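Visitor: Take a look at protein38.cif, mmCIF, C-alpha atoms:
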```cif
data_coords
#
loop_
_atom_site.label_atom_id
_atom_site.label_comp_id
_atom_site.auth_asym_id
_atom_site.auth_seq_id
_atom_site.Cartn_x
_atom_site.Cartn_y
_atom_site.Cartn_z
CA MET F 12 -22.37 59.34 -68.25
CA LYS F 13 -24.76 62.19 -67.24
CA PHE F 14 -23.45 64.58 -69.82
CA SER F 15 -23.72 61.97 -72.57
CA ALA F 16 -27.32 61.23 -71.68
CA ILE F 17 -28.25 64.91 -71.76
CA LEU F 18 -26.54 65.27 -75.08
CA VAL F 19 -28.45 62.32 -76.51
CA CYS F 20 -31.72 63.78 -75.26
CA LEU F 21 -31.03 67.17 -76.77
CA LEU F 22 -30.21 65.56 -80.09
CA SER F 23 -33.44 63.57 -79.90
CA VAL F 24 -35.49 66.71 -79.22
CA VAL F 25 -33.92 68.40 -82.08
CA LEU F 26 -34.36 65.51 -84.49
CA LEU F 27 -37.44 63.54 -83.26
CA GLY F 28 -38.68 65.00 -80.05
CA CYS F 29 -38.18 63.41 -76.57
CA PRO F 30 -40.41 60.34 -75.83
CA GLU F 31 -43.15 60.94 -73.23
CA ASP F 32 -43.07 59.17 -69.90
CA SER F 33 -45.47 56.21 -69.67
CA ASP F 34 -46.65 53.66 -66.98
CA SER F 35 -46.34 50.79 -69.39
CA THR F 36 -43.31 49.45 -67.65
CA SER F 37 -44.85 49.72 -64.19
CA GLY F 38 -48.00 48.15 -65.55
CA ASP F 39 -46.06 45.19 -66.89
CA LEU F 40 -44.34 44.79 -63.58
CA SER F 41 -47.63 45.06 -61.73
CA SER F 42 -49.09 42.39 -63.96
CA GLY F 43 -46.14 40.15 -63.32
CA GLY F 44 -46.52 40.68 -59.55
CA GLU F 45 -50.17 39.66 -59.64
CA THR F 46 -49.26 36.41 -61.43
CA THR F 47 -46.66 35.53 -58.83
CA GLU F 48 -49.08 36.26 -55.99
CA SER F 49 -51.76 34.04 -57.56
CA THR F 50 -49.31 31.18 -57.98
CA ALA F 51 -48.31 31.45 -54.34
CA GLU F 52 -51.94 31.15 -53.29
CA VAL F 53 -52.28 27.88 -55.25
CA GLU F 54 -49.09 26.47 -53.80
CA ASN F 55 -50.21 27.31 -50.26
CA GLU F 56 -53.63 25.66 -50.64
CA PRO F 57 -54.02 22.95 -47.93
CA VAL F 58 -53.67 19.34 -49.18
CA PRO F 59 -56.12 16.67 -47.83
CA PRO F 60 -54.31 14.51 -45.30
CA GLY F 61 -53.33 11.06 -46.53
CA GLN F 62 -53.75 7.76 -44.59
CA THR F 63 -50.69 6.63 -42.74
CA GLU F 64 -52.00 3.06 -42.05
CA PRO F 65 -53.98 0.68 -44.23
CA GLN F 66 -57.60 0.48 -43.25
CA VAL F 67 -58.48 -2.74 -41.37
CA PRO F 68 -61.26 -4.47 -43.29
CA ASN F 69 -64.30 -5.95 -41.61
CA GLY F 70 -63.45 -9.43 -40.46
CA GLY F 71 -60.17 -8.64 -38.74
CA GLU F 72 -59.42 -9.55 -35.17
CA GLY F 73 -62.52 -9.97 -33.07
CA GLU F 74 -64.82 -10.66 -36.00
CA SER F 75 -67.41 -13.32 -35.32
CA THR F 76 -67.42 -15.87 -38.11
CA ASP F 77 -70.28 -18.28 -37.80
CA ALA F 78 -69.40 -21.72 -39.15
CA PRO F 79 -72.18 -23.83 -40.60
CA ASP F 80 -74.05 -25.68 -37.90
CA SER F 81 -73.07 -29.36 -38.06
CA ASP F 82 -75.62 -30.82 -35.69
CA ALA F 83 -76.78 -34.38 -35.65
CA GLU F 84 -79.92 -33.75 -37.67
CA GLY F 85 -80.20 -36.09 -40.57
CA GLY F 86 -77.72 -38.54 -39.04
CA ASN F 87 -78.63 -42.19 -38.80
CA GLY F 88 -78.45 -44.55 -35.86
CA ALA F 89 -75.29 -46.23 -37.13
CA ALA F 90 -73.23 -43.87 -34.97
CA ASP F 91 -74.85 -45.48 -31.87
CA VAL F 92 -74.11 -49.06 -32.93
CA SER F 93 -71.00 -50.61 -31.38
CA LEU F 94 -69.42 -54.05 -31.03
CA GLN F 95 -67.37 -55.38 -28.14
CA GLU F 96 -65.37 -58.61 -27.80
CA LEU F 97 -66.31 -60.83 -24.84
CA ASP F 98 -66.55 -64.46 -23.84
CA TRP F 99 -69.68 -66.02 -22.31
CA ASP F 100 -68.74 -64.90 -18.80
CA GLY F 101 -68.54 -61.35 -20.12
CA VAL F 102 -72.01 -61.72 -21.63
CA LEU F 103 -73.41 -62.94 -18.31
CA ALA F 104 -71.87 -59.88 -16.65
CA LEU F 105 -73.82 -57.69 -19.08
CA VAL F 106 -76.98 -59.58 -18.16
CA ALA F 107 -76.34 -58.93 -14.47
CA ASN F 108 -76.07 -55.20 -15.19
CA HIS F 109 -79.73 -55.19 -16.25
CA HIS F 110 -81.20 -56.49 -13.01
CA GLY F 111 -84.91 -55.63 -12.90
CA LYS F 112 -85.37 -56.00 -16.65
CA VAL F 113 -86.15 -58.92 -18.91
CA VAL F 114 -82.98 -59.69 -20.88
CA VAL F 115 -82.95 -61.32 -24.32
CA VAL F 116 -79.60 -62.74 -25.46
CA ASP F 117 -79.56 -63.75 -29.13
CA LEU F 118 -76.75 -66.02 -30.37
CA TRP F 119 -76.40 -65.60 -34.13
CA SER F 120 -73.88 -65.62 -36.98
CA LEU F 121 -73.52 -64.23 -40.46
CA SER F 122 -73.61 -67.77 -41.86
CA CYS F 123 -76.96 -68.57 -40.20
CA GLU F 124 -79.76 -67.55 -42.55
CA PRO F 125 -82.61 -68.05 -40.01
CA CYS F 126 -80.65 -65.84 -37.60
CA LEU F 127 -80.45 -63.03 -40.13
CA ILE F 128 -84.13 -63.33 -40.96
CA GLU F 129 -85.18 -63.13 -37.31
CA PHE F 130 -82.68 -60.47 -36.19
CA PRO F 131 -84.95 -57.49 -37.01
CA ASN F 132 -87.42 -58.83 -34.43
CA LEU F 133 -84.76 -58.45 -31.73
CA VAL F 134 -84.46 -54.79 -32.75
CA THR F 135 -88.26 -54.47 -32.58
CA ILE F 136 -88.40 -55.82 -29.02
CA SER F 137 -85.73 -53.35 -27.95
CA ARG F 138 -87.65 -50.43 -29.44
CA ASP F 139 -91.06 -51.54 -28.17
CA HIS F 140 -89.89 -52.02 -24.56
CA PRO F 141 -86.95 -49.63 -24.02
CA ASP F 142 -87.54 -49.39 -20.25
CA ASP F 143 -88.40 -53.00 -19.47
CA VAL F 144 -86.34 -55.18 -21.85
CA ALA F 145 -82.59 -55.25 -22.52
CA CYS F 146 -81.38 -56.91 -25.71
CA ILE F 147 -77.90 -58.36 -26.24
CA SER F 148 -76.73 -59.87 -29.53
CA VAL F 149 -73.81 -62.31 -29.55
CA ALA F 150 -72.14 -63.05 -32.90
CA THR F 151 -70.59 -66.53 -32.92
CA ASP F 152 -68.73 -66.30 -36.23
CA TYR F 153 -65.20 -66.69 -34.82
CA GLN F 154 -63.93 -70.23 -35.51
CA GLY F 155 -60.51 -69.95 -33.87
CA LEU F 156 -58.57 -70.22 -37.14
CA ALA F 157 -55.21 -68.44 -37.24
CA SER F 158 -55.94 -67.23 -40.75
CA ARG F 159 -59.19 -65.62 -39.62
CA PRO F 160 -58.70 -63.86 -36.28
CA LEU F 161 -61.35 -61.81 -34.52
CA SER F 162 -60.27 -58.75 -36.53
CA PHE F 163 -61.38 -60.56 -39.68
CA TYR F 164 -65.00 -60.78 -38.45
CA GLN F 165 -65.22 -57.46 -36.59
CA PRO F 166 -65.96 -55.17 -39.60
CA LYS F 167 -68.29 -57.69 -41.25
CA VAL F 168 -70.38 -58.18 -38.13
CA LEU F 169 -70.44 -54.47 -37.37
CA GLU F 170 -71.59 -53.69 -40.90
CA PHE F 171 -74.58 -56.00 -40.48
CA LEU F 172 -75.45 -54.54 -37.08
CA GLU F 173 -75.32 -51.00 -38.45
CA GLY F 174 -77.60 -52.04 -41.28
CA GLN F 175 -80.08 -53.31 -38.68
CA ASP F 176 -79.65 -50.17 -36.53
CA ALA F 177 -78.97 -52.45 -33.55
CA GLN F 178 -78.68 -49.79 -30.86
CA PHE F 179 -78.11 -52.09 -27.92
CA GLU F 180 -75.20 -54.17 -26.59
CA ASN F 181 -73.56 -56.23 -29.31
CA VAL F 182 -70.86 -58.81 -28.67
CA LEU F 183 -68.42 -60.70 -30.88
CA CYS F 184 -67.72 -63.90 -28.97
CA THR F 185 -64.00 -64.43 -28.34
CA THR F 186 -64.38 -68.17 -27.73
CA PRO F 187 -64.07 -70.24 -30.91
CA LYS F 188 -67.45 -71.56 -32.02
CA PRO F 189 -66.76 -75.30 -31.49
CA GLU F 190 -65.65 -74.73 -27.90
CA PHE F 191 -68.39 -72.21 -27.23
CA PHE F 192 -71.27 -74.41 -28.34
CA THR F 193 -69.83 -77.45 -26.58
CA ALA F 194 -69.61 -75.52 -23.32
CA LEU F 195 -73.22 -74.36 -23.62
CA MET F 196 -74.37 -77.80 -24.84
CA LEU F 197 -75.85 -76.33 -27.99
CA GLY F 198 -75.87 -77.77 -31.48
CA SER F 199 -75.74 -74.50 -33.39
CA GLU F 200 -77.31 -71.12 -33.71
CA PRO F 201 -79.89 -69.68 -33.57
CA ALA F 202 -80.15 -69.87 -29.81
CA ILE F 203 -82.05 -67.28 -27.78
CA PHE F 204 -81.73 -67.02 -24.01
CA VAL F 205 -84.32 -65.12 -21.99
CA PHE F 206 -83.56 -63.99 -18.43
CA ASN F 207 -86.21 -62.75 -16.05
CA GLN F 208 -86.14 -59.60 -13.97
CA ALA F 209 -84.20 -61.36 -11.22
CA GLY F 210 -81.40 -62.25 -13.65
CA GLU F 211 -82.31 -65.94 -13.81
CA GLN F 212 -82.43 -67.89 -17.06
CA ALA F 213 -86.13 -68.35 -17.76
CA ALA F 214 -86.06 -69.89 -21.24
CA LEU F 215 -83.84 -71.08 -24.06
CA PHE F 216 -85.14 -71.13 -27.61
CA THR F 217 -83.05 -73.19 -30.04
CA SER F 218 -83.39 -73.84 -33.75
CA LEU F 219 -86.10 -76.50 -33.49
CA GLN F 220 -89.00 -76.18 -31.08
CA GLU F 221 -91.13 -78.90 -29.54
CA ASP F 222 -93.73 -78.41 -32.24
CA GLY F 223 -91.08 -79.17 -34.87
CA THR F 224 -90.96 -75.63 -36.22
CA GLU F 225 -88.00 -73.26 -36.50
CA VAL F 226 -87.66 -70.79 -33.65
CA SER F 227 -89.57 -67.59 -34.30
CA TYR F 228 -89.72 -64.36 -32.35
CA GLU F 229 -93.32 -63.86 -33.34
CA ARG F 230 -94.51 -67.31 -32.28
CA HIS F 231 -92.16 -68.13 -29.41
CA VAL F 232 -89.91 -65.40 -28.04
CA ILE F 233 -92.17 -62.33 -28.01
CA PRO F 234 -95.13 -64.07 -26.31
CA PHE F 235 -92.79 -65.42 -23.63
CA VAL F 236 -91.18 -62.01 -23.03
CA GLU F 237 -94.61 -60.38 -22.76
CA SER F 238 -95.65 -62.99 -20.22
CA LEU F 239 -92.62 -62.09 -18.09
CA LEU F 240 -93.44 -58.42 -18.34
CA ALA F 241 -97.00 -59.20 -17.25
CA GLY F 242 -95.66 -61.11 -14.22
CA GLY F 243 -96.63 -64.49 -15.57
CA GLN F 244 -93.30 -66.11 -14.70
#
```
Let me see whether you can do it: turn the structure in this file into structure tokens.

Guide:
Amino acid sequence: MKFSAILVCLLSVVLLGCPEDSDSTSGDLSSGGETTESTAEVENEPVPPGQTEPQVPNGGEGESTDAPDSDAEGGNGAADVSLQELDWDGVLALVANHHGKVVVVDLWSLSCEPCLIEFPNLVTISRDHPDDVACISVATDYQGLASRPLSFYQPKVLEFLEGQDAQFENVLCTTPKPEFFTALMLGSEPAIFVFNQAGEQAALFTSLQEDGTEVSYERHVIPFVESLLAGGQ
């Protein structure tokens, strides 16, 4: 191999001359080395760390979520109106609970037009004298018919009371009307009992008064109640 190479070189000198040594090859290699080194630097460049867990948004555990305030502002008095079922003995027990106050017990019904007209005056007395007068309304609509039990009248009576904003003790009488009025020796409603501060019946106002007029809170009941409050009875 060595001898052949020398022979080829001698022939080249003779015919063309021997090529000069050059650094072209080393330069190409050097260039290629620089490219490799640059690529390595790019590959080794640090990568920003990624997130291993999803970020918890605001409003996760422990977040305070304020619900709209649902206070009682703007509400009406209907929420304070209630209706209980009692007989006359139960009504008298309510009267006894108000010892020291004047107590007005109004017997009325949905079928009694004068009762409905005068009922707002019972509400007025209650509001005008909240500390000295207790008002009790007694609805006498129940007739004792099997087809119309107490549950038939309950929502109708309560609806009227809510419309009047009757925020005091309201009773639906459990004794059928015929028996109830016979026991109290009354002809019909309206009938308004007034009890004094000692719990004693002081007056009874029925439909017709001695002067021949229909019973009226303005003319009859309120003046009498005010006289009791003034110590006149």

Visitor: Could you check the closest approach to Lys188 (chain F) for each of F:Asp98, F:Glu237, F:Asp176, F:Glu124 and tell me which residue wins, using all atoms listed in the file?

Guide: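 So, comparing all the options, the nearest one is F:Asp98.
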
Visitor: For this structure, which residues satisfy the selection - the PyMOL selection byres ((chain F and resi 211) around 10) - when it is evaluated on the file as given? I want them as a ChimeraX atom specification.

Guide: /F:106-107,110,113-114,205-210,212-214

Visitor: Take the residues from that selection and put them in a file with C-alpha atoms, as a PDB file, in the coordinates of the input.

Guide:
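And here is the file that came out, part.pdb:
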```
ATOM      1  CA  VAL F 106     -76.980 -59.580 -18.160  1.00  0.00           C
ATOM      2  CA  ALA F 107     -76.340 -58.930 -14.470  1.00  0.00           C
ATOM      3  CA  HIS F 110     -81.200 -56.490 -13.010  1.00  0.00           C
ATOM      4  CA  VAL F 113     -86.150 -58.920 -18.910  1.00  0.00           C
ATOM      5  CA  VAL F 114     -82.980 -59.690 -20.880  1.00  0.00           C
ATOM      6  CA  VAL F 205     -84.320 -65.120 -21.990  1.00  0.00           C
ATOM      7  CA  PHE F 206     -83.560 -63.990 -18.430  1.00  0.00           C
ATOM      8  CA  ASN F 207     -86.210 -62.750 -16.050  1.00  0.00           C
ATOM      9  CA  GLN F 208     -86.140 -59.600 -13.970  1.00  0.00           C
ATOM     10  CA  ALA F 209     -84.200 -61.360 -11.220  1.00  0.00           C
ATOM     11  CA  GLY F 210     -81.400 -62.250 -13.650  1.00  0.00           C
ATOM     12  CA  GLN F 212     -82.430 -67.890 -17.060  1.00  0.00           C
ATOM     13  CA  ALA F 213     -86.130 -68.350 -17.760  1.00  0.00           C
ATOM     14  CA  ALA F 214     -86.060 -69.890 -21.240  1.00  0.00           C
TER      15      ALA F 214
END
```

Visitor: Exactly which residues make up the result of the PyMOL selection byres ((chain F and resi 123) around 10) on this file, given as a list in words?

Guide: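 In the shown coordinates, the PyMOL selection byres ((chain F and resi 123) around 10) covers Trp119, Ser120, Leu121, Ser122, Glu124, Pro125, Cys126, Leu127, Ile128, Thr151, Asp152, Ser199, Glu200 and Pro201 of chain F.
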
Visitor: May I have the selected residues written with C-alpha atoms, as a PDB file, keeping the file's coordinate frame?

Guide:
```
ATOM      1  CA  TRP F 119     -76.400 -65.600 -34.130  1.00  0.00           C
ATOM      2  CA  SER F 120     -73.880 -65.620 -36.980  1.00  0.00           C
ATOM      3  CA  LEU F 121     -73.520 -64.230 -40.460  1.00  0.00           C
ATOM      4  CA  SER F 122     -73.610 -67.770 -41.860  1.00  0.00           C
ATOM      5  CA  GLU F 124     -79.760 -67.550 -42.550  1.00  0.00           C
ATOM      6  CA  PRO F 125     -82.610 -68.050 -40.010  1.00  0.00           C
ATOM      7  CA  CYS F 126     -80.650 -65.840 -37.600  1.00  0.00           C
ATOM      8  CA  LEU F 127     -80.450 -63.030 -40.130  1.00  0.00           C
ATOM      9  CA  ILE F 128     -84.130 -63.330 -40.960  1.00  0.00           C
ATOM     10  CA  THR F 151     -70.590 -66.530 -32.920  1.00  0.00           C
ATOM     11  CA  ASP F 152     -68.730 -66.300 -36.230  1.00  0.00           C
ATOM     12  CA  SER F 199     -75.740 -74.500 -33.390  1.00  0.00           C
ATOM     13  CA  GLU F 200     -77.310 -71.120 -33.710  1.00  0.00           C
ATOM     14  CA  PRO F 201     -79.890 -69.680 -33.570  1.00  0.00           C
TER      15      PRO F 201
END
```

Visitor: Expressed in Å to a single decimal, how great is the separation between CA of Gln175 (chain F) and CA of Val144 (chain F)?

Guide: 18.1 Å

Visitor: May I ask for the distance between CA of Thr217 (chain F) and CA of Val232 (chain F), given in Å to one decimal place?

Guide: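 A separation of 10.6 Å between them.
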
Visitor: So the first atom is CA of Val102 (chain F) and the second is CA of His231 (chain F); what is the distance between them in Å, to one decimal place?

Guide: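 Separation between CA of Val102 (chain F) and CA of His231 (chain F): 22.5 Å.
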
Visitor: So, counting all atoms listed in the file, which residue among F:Thr193, F:Ser148, F:Ser162, F:Asn132 is closest to Val92 (chain F)?

Guide: F:Ser148

Visitor: Run the PyMOL selection byres ((chain F and resi 219) around 12) against the file shown and list the residues it catches, as a PyMOL selection string.

Guide: chain F and resi 125+197-203+215-218+220-227+231

Visitor: Mind checking which residues fall within 8 Å of Ser137 (chain F), counting only C-alpha atoms, ignoring those fewer than 4 positions away in the same chain, and posting them as a list in words?

Guide: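 Here the qualifying residues turn out to be Leu133, Pro141, Val144, Ala145, Cys146 and Phe179 of chain F.
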
Visitor: May I have the residues within 10 Å of Trp99 (chain F) as number ranges by chain, using all atoms listed in the file and disregarding those fewer than 3 positions away in the same chain?

Guide: F: 102-105, 149, 182, 184-186, 191, 194-195

Visitor: Where atoms are absent from region 119-151 of chain F, fill them in so it carries N, CA and C atoms, then output it as a short mmCIF file (atom, residue, chain, number, x, y, z; two decimals), in the frame of the given file.

Guide:
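Wrote part09.cif, looks like this:
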```
data_model
loop_
_atom_site.label_atom_id
_atom_site.label_comp_id
_atom_site.auth_asym_id
_atom_site.auth_seq_id
_atom_site.Cartn_x
_atom_site.Cartn_y
_atom_site.Cartn_z
N TRP F 119 -76.18 -65.59 -32.69
CA TRP F 119 -76.40 -65.60 -34.13
C TRP F 119 -75.06 -65.58 -34.85
N SER F 120 -75.09 -65.76 -36.17
CA SER F 120 -73.88 -65.62 -36.98
C SER F 120 -74.27 -65.20 -38.38
N LEU F 121 -73.28 -64.68 -39.09
CA LEU F 121 -73.52 -64.23 -40.46
C LEU F 121 -73.81 -65.40 -41.40
N SER F 122 -73.39 -66.60 -41.01
CA SER F 122 -73.61 -67.77 -41.86
C SER F 122 -74.93 -68.48 -41.56
N CYS F 123 -75.69 -67.95 -40.60
CA CYS F 123 -76.96 -68.57 -40.20
C CYS F 123 -78.12 -67.76 -40.80
N GLU F 124 -78.69 -68.28 -41.88
CA GLU F 124 -79.76 -67.55 -42.55
C GLU F 124 -80.98 -67.31 -41.67
N PRO F 125 -81.47 -68.32 -40.91
CA PRO F 125 -82.61 -68.05 -40.01
C PRO F 125 -82.31 -66.96 -38.99
N CYS F 126 -81.04 -66.90 -38.55
CA CYS F 126 -80.65 -65.84 -37.60
C CYS F 126 -80.82 -64.46 -38.22
N LEU F 127 -80.38 -64.32 -39.45
CA LEU F 127 -80.45 -63.03 -40.13
C LEU F 127 -81.89 -62.63 -40.40
N ILE F 128 -82.72 -63.61 -40.70
CA ILE F 128 -84.13 -63.33 -40.96
C ILE F 128 -84.83 -62.84 -39.69
N GLU F 129 -84.50 -63.45 -38.56
CA GLU F 129 -85.18 -63.13 -37.31
C GLU F 129 -84.58 -61.93 -36.57
N PHE F 130 -83.36 -61.54 -36.94
CA PHE F 130 -82.68 -60.47 -36.19
C PHE F 130 -83.49 -59.18 -36.08
N PRO F 131 -84.17 -58.73 -37.14
CA PRO F 131 -84.95 -57.49 -37.01
C PRO F 131 -85.98 -57.53 -35.89
N ASN F 132 -86.45 -58.73 -35.53
CA ASN F 132 -87.42 -58.83 -34.43
C ASN F 132 -86.78 -58.54 -33.08
N LEU F 133 -85.48 -58.83 -32.96
CA LEU F 133 -84.76 -58.45 -31.73
C LEU F 133 -84.71 -56.94 -31.61
N VAL F 134 -84.46 -56.26 -32.74
CA VAL F 134 -84.46 -54.79 -32.75
C VAL F 134 -85.84 -54.25 -32.38
N THR F 135 -86.89 -54.91 -32.87
CA THR F 135 -88.26 -54.47 -32.58
C THR F 135 -88.57 -54.57 -31.10
N ILE F 136 -88.17 -55.68 -30.46
CA ILE F 136 -88.40 -55.82 -29.02
C ILE F 136 -87.71 -54.70 -28.25
N SER F 137 -86.49 -54.41 -28.62
CA SER F 137 -85.73 -53.35 -27.95
C SER F 137 -86.43 -52.00 -28.07
N ARG F 138 -86.98 -51.71 -29.23
CA ARG F 138 -87.65 -50.43 -29.44
C ARG F 138 -89.01 -50.37 -28.77
N ASP F 139 -89.72 -51.52 -28.75
CA ASP F 139 -91.06 -51.54 -28.17
C ASP F 139 -91.05 -51.49 -26.65
N HIS F 140 -89.96 -51.96 -26.04
CA HIS F 140 -89.89 -52.02 -24.56
C HIS F 140 -88.56 -51.45 -24.07
N PRO F 141 -88.27 -50.19 -24.37
CA PRO F 141 -86.95 -49.63 -24.02
C PRO F 141 -86.68 -49.57 -22.52
N ASP F 142 -87.73 -49.52 -21.70
CA ASP F 142 -87.54 -49.39 -20.25
C ASP F 142 -87.62 -50.73 -19.52
N ASP F 143 -88.13 -51.75 -20.17
CA ASP F 143 -88.40 -53.00 -19.47
C ASP F 143 -87.61 -54.19 -20.01
N VAL F 144 -87.05 -54.07 -21.23
CA VAL F 144 -86.34 -55.18 -21.85
C VAL F 144 -84.97 -54.72 -22.32
N ALA F 145 -83.95 -55.50 -22.00
CA ALA F 145 -82.59 -55.25 -22.52
C ALA F 145 -82.24 -56.34 -23.51
N CYS F 146 -81.74 -55.94 -24.67
CA CYS F 146 -81.38 -56.91 -25.71
C CYS F 146 -79.86 -56.95 -25.88
N ILE F 147 -79.34 -58.14 -26.03
CA ILE F 147 -77.90 -58.36 -26.24
C ILE F 147 -77.75 -59.34 -27.40
N SER F 148 -77.01 -58.95 -28.43
CA SER F 148 -76.73 -59.87 -29.53
C SER F 148 -75.30 -60.39 -29.39
N VAL F 149 -75.13 -61.68 -29.66
CA VAL F 149 -73.81 -62.31 -29.55
C VAL F 149 -73.49 -63.00 -30.88
N ALA F 150 -72.55 -62.45 -31.63
CA ALA F 150 -72.14 -63.05 -32.90
C ALA F 150 -71.14 -64.18 -32.62
N THR F 151 -71.42 -65.35 -33.19
CA THR F 151 -70.59 -66.53 -32.92
C THR F 151 -69.78 -66.95 -34.14
#
```
